[in-house]
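Structure data (mmCIF, C-alpha atoms and all ligand atoms) from upload.cif:
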data_my_file
loop_
_atom_site.label_atom_id
_atom_site.label_comp_id
_atom_site.auth_asym_id
_atom_site.auth_seq_id
_atom_site.Cartn_x
_atom_site.Cartn_y
_atom_site.Cartn_z
CA MET A 1 0.00 0.00 0.00
CA ASP A 2 1.39 3.45 -0.87
CA ALA A 3 2.15 6.02 1.83
CA ILE A 4 -0.83 8.29 1.09
CA THR A 5 -3.33 5.43 1.27
CA ALA A 6 -1.71 4.18 4.49
CA ILE A 7 -1.94 7.67 6.04
CA GLN A 8 -5.58 8.03 4.99
CA ARG A 9 -6.55 4.58 6.31
CA ARG A 10 -4.53 4.51 9.55
CA THR A 11 -6.56 4.54 12.70
CA SER A 12 -5.77 3.52 16.26
CA VAL A 13 -6.40 -0.20 16.78
CA ARG A 14 -7.04 -1.67 20.24
CA ARG A 15 -7.91 -5.29 19.42
CA PHE A 16 -5.60 -7.63 17.59
CA ARG A 17 -5.64 -11.12 16.15
CA PRO A 18 -3.41 -13.49 18.14
CA ASP A 19 -1.03 -13.98 15.19
CA PRO A 20 2.49 -12.91 16.11
CA VAL A 21 4.16 -10.14 14.11
CA PRO A 22 7.33 -11.64 12.61
CA ARG A 23 10.57 -10.13 13.87
CA ASP A 24 11.71 -9.18 10.35
CA VAL A 25 8.48 -7.20 9.87
CA ILE A 26 9.07 -5.27 13.11
CA GLU A 27 12.66 -4.65 12.05
CA ARG A 28 11.38 -3.24 8.75
CA LEU A 29 9.05 -0.87 10.62
CA LEU A 30 11.89 0.31 12.86
CA ASP A 31 14.07 0.88 9.78
CA CYS A 32 11.29 3.17 8.51
CA ALA A 33 11.12 4.90 11.91
CA VAL A 34 14.79 5.90 11.82
CA ARG A 35 14.35 7.51 8.39
CA ALA A 36 12.53 10.42 10.10
CA PRO A 37 13.95 13.92 9.70
CA ASN A 38 16.41 14.72 12.47
CA HIS A 39 18.12 18.07 13.01
CA LYS A 40 21.91 17.67 13.35
CA LEU A 41 21.47 13.90 12.97
CA THR A 42 21.46 13.38 16.72
CA GLU A 43 19.56 10.08 16.23
CA PRO A 44 17.88 10.56 19.63
CA TRP A 45 15.55 7.54 19.30
CA ARG A 46 15.89 4.13 20.84
CA PHE A 47 13.33 1.31 20.78
CA ALA A 48 12.53 -1.64 23.00
CA VAL A 49 10.32 -4.37 21.54
CA LEU A 50 8.35 -6.35 24.11
CA THR A 51 6.93 -9.73 23.12
CA GLY A 52 6.17 -12.98 24.94
CA ALA A 53 7.06 -13.05 28.64
CA ALA A 54 8.34 -9.42 28.60
CA ARG A 55 5.01 -8.27 27.14
CA ASP A 56 3.23 -10.26 29.88
CA ARG A 57 5.36 -8.59 32.58
CA TYR A 58 4.38 -5.24 31.07
CA ALA A 59 0.73 -6.36 31.13
CA ALA A 60 1.02 -7.19 34.85
CA MET A 61 2.52 -3.73 35.53
CA ARG A 62 -0.26 -1.99 33.66
CA ALA A 63 -2.86 -4.01 35.57
CA ARG A 64 -1.28 -3.06 38.93
CA GLN A 65 -1.25 0.60 37.91
CA ARG A 66 -4.89 0.43 36.84
CA LEU A 67 -5.77 -1.08 40.21
CA ALA A 68 -3.90 1.65 42.08
CA ARG A 69 -6.05 4.34 40.45
CA PHE A 70 -9.15 3.14 42.31
CA SER A 71 -9.97 4.47 45.77
CA ALA A 72 -11.04 0.91 46.65
CA PRO A 73 -8.44 -1.27 44.89
CA ASP A 74 -9.83 -4.41 46.55
CA GLY A 75 -13.29 -3.83 45.09
CA GLU A 76 -14.89 -5.78 42.28
CA GLU A 77 -14.87 -2.81 39.89
CA ALA A 78 -11.14 -2.24 40.36
CA ARG A 79 -10.32 -5.91 39.93
CA SER A 80 -12.39 -6.22 36.78
CA ALA A 81 -10.77 -3.08 35.25
CA ALA A 82 -7.30 -4.39 36.10
CA ASP A 83 -8.10 -7.82 34.63
CA LYS A 84 -9.34 -6.17 31.45
CA MET A 85 -6.14 -4.14 31.19
CA ARG A 86 -4.00 -7.23 31.71
CA ARG A 87 -5.97 -9.27 29.19
CA GLU A 88 -5.91 -6.56 26.50
CA THR A 89 -2.17 -6.06 26.91
CA GLU A 90 -1.45 -9.80 26.89
CA GLU A 91 -3.50 -10.02 23.70
CA THR A 92 -1.29 -7.41 22.01
CA PRO A 93 1.26 -9.33 19.91
CA ALA A 94 4.08 -6.78 20.25
CA ILE A 95 4.71 -3.56 22.12
CA VAL A 96 7.28 -1.04 20.92
CA VAL A 97 8.50 1.33 23.62
CA VAL A 98 9.89 4.51 22.04
CA VAL A 99 12.72 6.12 23.97
CA CYS A 100 14.31 9.53 23.33
CA ALA A 101 17.54 11.20 24.42
CA VAL A 102 17.13 14.07 26.90
CA SER A 103 19.69 16.69 25.90
CA PRO A 104 20.84 19.25 28.49
CA ASP A 105 20.29 21.89 25.78
CA GLU A 106 16.64 22.98 25.68
CA ARG A 107 16.38 23.49 21.92
CA THR A 108 18.07 20.17 21.14
CA ARG A 109 15.79 18.49 23.66
CA GLU A 110 12.72 19.87 21.88
CA GLU A 111 14.02 19.01 18.42
CA ASP A 112 14.99 15.51 19.52
CA PHE A 113 11.53 14.93 20.98
CA ALA A 114 9.96 16.12 17.71
CA ALA A 115 12.23 13.77 15.76
CA ALA A 116 11.33 10.82 18.01
CA MET A 117 7.63 11.50 17.46
CA MET A 118 8.18 11.79 13.70
CA ALA A 119 9.95 8.44 13.87
CA THR A 120 6.92 7.09 15.72
CA ALA A 121 4.63 8.45 12.99
CA ASN A 122 6.79 6.73 10.36
CA LEU A 123 6.42 3.48 12.28
CA LEU A 124 2.62 3.85 12.47
CA ILE A 125 2.29 4.65 8.76
CA ALA A 126 4.66 1.89 7.68
CA ALA A 127 2.68 -0.54 9.86
CA ALA A 128 -0.59 0.58 8.25
CA SER A 129 0.92 0.08 4.80
CA LEU A 130 1.64 -3.56 5.71
CA GLY A 131 -1.87 -4.16 7.08
CA LEU A 132 -0.79 -3.89 10.72
CA GLY A 133 -2.68 -2.00 13.40
CA THR A 134 -1.07 0.27 15.97
CA TYR A 135 -2.01 2.30 19.03
CA LEU A 136 0.23 5.02 20.45
CA ARG A 137 -0.02 5.69 24.16
CA THR A 138 1.70 8.21 26.39
CA GLY A 139 0.57 9.45 29.80
CA SER A 140 1.79 7.94 33.06
CA ILE A 141 3.63 5.12 31.24
CA MET A 142 6.25 7.71 30.31
CA GLN A 143 7.50 8.21 33.87
CA ASP A 144 7.11 4.74 35.22
CA PRO A 145 10.22 3.35 36.97
CA GLU A 146 8.96 -0.22 36.44
CA VAL A 147 8.65 0.31 32.68
CA GLU A 148 12.05 2.02 32.65
CA ALA A 149 13.59 -1.02 34.37
CA LEU A 150 11.81 -3.43 32.03
CA VAL A 151 13.19 -1.74 28.90
CA GLY A 152 16.62 -1.17 30.45
CA LEU A 153 16.40 2.62 30.08
CA GLU A 154 19.83 4.22 30.02
CA GLN A 155 20.83 7.41 31.83
CA GLY A 156 19.96 10.48 29.75
CA PHE A 157 16.97 8.90 28.00
CA ARG A 158 13.23 8.87 28.63
CA VAL A 159 10.23 6.94 27.40
CA VAL A 160 8.16 9.09 25.01
CA GLY A 161 5.55 6.63 23.81
CA VAL A 162 4.37 3.06 23.76
CA VAL A 163 3.06 1.56 20.51
CA SER A 164 0.83 -1.53 20.51
CA LEU A 165 1.35 -3.54 17.34
CA GLY A 166 -0.49 -6.43 15.72
CA TYR A 167 -2.83 -7.53 12.98
CA PRO A 168 -6.23 -5.84 13.58
CA ALA A 169 -9.04 -8.06 14.83
CA SER A 170 -11.45 -6.11 12.63
CA GLU A 171 -11.29 -3.40 10.04
CA GLU A 172 -12.14 -0.02 11.52
CA PRO A 173 -12.95 3.14 9.62
CA PRO A 174 -10.64 6.09 10.27
CA ARG A 175 -11.82 8.56 12.90
CA ARG A 176 -13.22 11.97 11.99
CA ARG A 177 -10.96 14.93 11.29
CA ARG A 178 -11.78 18.48 10.25
CA PRO A 179 -10.69 18.95 6.64
CA ALA A 180 -7.30 20.64 6.39
CA ALA A 181 -8.87 23.26 4.07
CA GLU A 182 -10.83 24.60 7.09
CA LEU A 183 -7.60 24.96 9.05
CA THR A 184 -5.33 26.41 6.40
CA ARG A 185 -4.67 30.00 5.45
CA TRP A 186 -2.96 30.51 2.12
CA VAL A 187 -0.70 33.55 2.36
CA GLN A 188 0.18 34.85 -1.08
CA GLY A 189 1.53 38.00 -2.66
C1 LIG A 201 1.23 11.99 21.27
C2 LIG A 201 0.07 11.06 21.38
C3 LIG A 201 -0.24 10.47 22.58
C4 LIG A 201 -1.33 9.60 22.71
N1 LIG A 201 -1.56 9.04 23.93
C5 LIG A 201 -2.64 8.26 24.09
C6 LIG A 201 -2.92 7.69 25.36
O1 LIG A 201 -2.16 7.85 26.32
N2 LIG A 201 -4.02 6.93 25.49
C7 LIG A 201 -4.86 6.71 24.44
O2 LIG A 201 -5.87 6.04 24.62
N3 LIG A 201 -4.60 7.21 23.21
C8 LIG A 201 -3.52 7.97 23.00
N4 LIG A 201 -3.22 8.48 21.76
C9 LIG A 201 -4.01 8.06 20.57
C10 LIG A 201 -5.13 9.04 20.28
O3 LIG A 201 -6.11 8.92 21.28
C11 LIG A 201 -5.73 8.72 18.90
O4 LIG A 201 -4.75 8.96 17.92
C12 LIG A 201 -6.95 9.61 18.67
O5 LIG A 201 -8.03 9.14 19.41
C13 LIG A 201 -7.37 9.67 17.21
O6 LIG A 201 -7.72 8.41 16.75
P1 LIG A 201 -7.01 7.78 15.46
O7 LIG A 201 -5.56 7.58 15.79
O8 LIG A 201 -7.74 6.47 15.25
O9 LIG A 201 -7.21 8.73 14.32
C14 LIG A 201 -2.14 9.33 21.59
C15 LIG A 201 -1.84 9.94 20.36
C16 LIG A 201 -0.74 10.79 20.26
C17 LIG A 201 -0.44 11.44 18.92
#

Translate the structure of the given file into structure tokens.
Amino acid sequence: MDAITAIQRRTSVRRFRPDPVPRDVIERLLDCAVRAPNHKLTEPWRFAVLTGAARDRYAAMRARQRLARFSAPDGEEARSAADKMRRETEETPAIVVVVCAVSPDERTREEDFAAAMMATANLLIAAASLGLGTYLRTGSIMQDPEVEALVGLEQGFRVVGVVSLGYPASEEPPRRRRPAAELTRWVQG
């Protein structure tokens, strides 16, 4: 599938078929990720791919965190939400944790973060072009010491996103967007 069709069809996918994503396919996606534009070629991105038992450890962490967000973590509602989180994560064939260098220089830090997110976008679009579904998450996962330990985060780096990856359980239509024409001013002359 060409890039424009992949961009137009991409949508966040939460449910995946159990089929594993072959390692060479994930490597191909990551090779697309690192083609992103990158000021001064700092190559700030790093990736950790979680599958199998590592993915299940991540699922257990997410379930514990979900539980901790309830005022009554022993209650039925909390347990059922945590179980759902664990199940959904265990049913995700692969999880790509995107890591970015944290430069002491503010401008470089910002540019590196932008580059890491462009790399992530490349990964999502390349995945869509191969019929794979993805889901990018950020939030509390980005400052989680347990996740940092799981991916072996090095000093001077931080987690900037977590991408779920797999073959979609069903085909979903892309979500609504305002047309770019409504959001664009052409400045001429
Ligand atoms: C930087 C970034 C962070 C995101 N973080 C989350 C997240 O933490 N949780 C979540 O459910 N979705 C997250 N998303 C996915 C968006 O919710 C999703 O892209 C949006 O609902 C639009 O749907 P679509 O991707 O299917 O077009 C994130 C997306 C981006 C770009």

Closest to ligand LIG 201 (chain A) among A:Ala33, A:Ile141, A:Leu50, A:Met61, using only C-alpha atoms and all ligand atoms?
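Smallest separation from ligand LIG 201 (chain A) among the options: A:Ile141.
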
Shortest interatomic distance to A:Arg62 - which of A:Val49, A:Ile26, A:Ile4, A:Val147, counting all atoms listed in the file:
A:Val147

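Within 10 Å of the point (20.4, 14.0, 24.9) in file coordinates, and counting all atoms listed in the file, lie the residues Thr42, Glu43, Pro44, Trp45, Cys100, Ala101, Val102, Ser103, Pro104, Asp105, Glu106, Thr108, Arg109, Asp112, Phe113, Gln155, Gly156, Phe157 and Arg158 of chain A.
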
Given the choices A:Ala82, A:Leu136, A:Ala68, A:Cys32, which gets closest to ligand LIG 201 (chain A) if the distance is worked out from only C-alpha atoms and all ligand atoms?
A:Leu136

9 Å from ligand LIG 201 (chain A) is the threshold here; counting all atoms listed in the file, which polymer residues fall inside it? Answer as a list in words.
Arg10, Thr11, Ser12, Val13, Arg14, Met117, Ala121, Thr134, Tyr135, Leu136, Arg137, Thr138, Gly139, Ser140, Ile141, Val160, Gly161, Val162, Glu172, Pro173, Pro174, Arg175, Arg176 and Arg177 of chain A

Figure out the distance between atom CA of A:Arg87 and atom CA of A:Leu150, please, to one decimal in Å.
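So the answer is 18.9 Å.
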
Using all atoms listed in the file, which residues sit within 7 Å of A:Gly133 once same-chain residues fewer than 4 positions away are excluded, as number ranges by chain?
A: 12-13, 127-128, 165-168

Nearest residue to A:Arg46 out of A:Leu183, A:Met1, A:Pro20, A:Leu30, using all atoms listed in the file?
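Smallest distance to A:Arg46 is found for A:Leu30.
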
In Å, with one decimal, what is the gap from atom CA of A:Pro18 to atom CA of A:Ser170?
12.2 Å

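One distance worth recording is that between atom CA of A:Val159 and atom CA of A:Val98, which is 5.9 Å.
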
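Counting all atoms listed in the file, A:Ala63 has the following residues at most 7 Å away, ignoring those fewer than 3 positions along the same chain: Ala59, Ala60, Arg66, Leu67, Ala82, Asp83, Met85 and Arg86 of chain A.
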
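With all atoms listed in the file as the basis for measurement, A:Asn38 is the residue among A:Glu76, A:Gln65, A:Val187, A:Asn38 that approaches A:Ala114 most closely.
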
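Remark: for A:Ala94, the closest of the candidate residues A:Ala78, A:Ala126, A:Ala48, A:Ala72 is A:Ala48 (distances computed over only C-alpha atoms).
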
Write out as an MDAnalysis selection string the residues lying within 7 Å of A:Ser129, counting only C-alpha atoms and excluding same-chain residues fewer than 5 positions away.
chainID A and resid 1:3 6

If we count all atoms listed in the file and set the cut-off at 10 Å, which residues sit around A:Val25, ignoring sequence neighbours fewer than 6 positions away in its own chain? Please answer as JSON, numbers by chain.
{"A": [31, 127, 130, 132]}
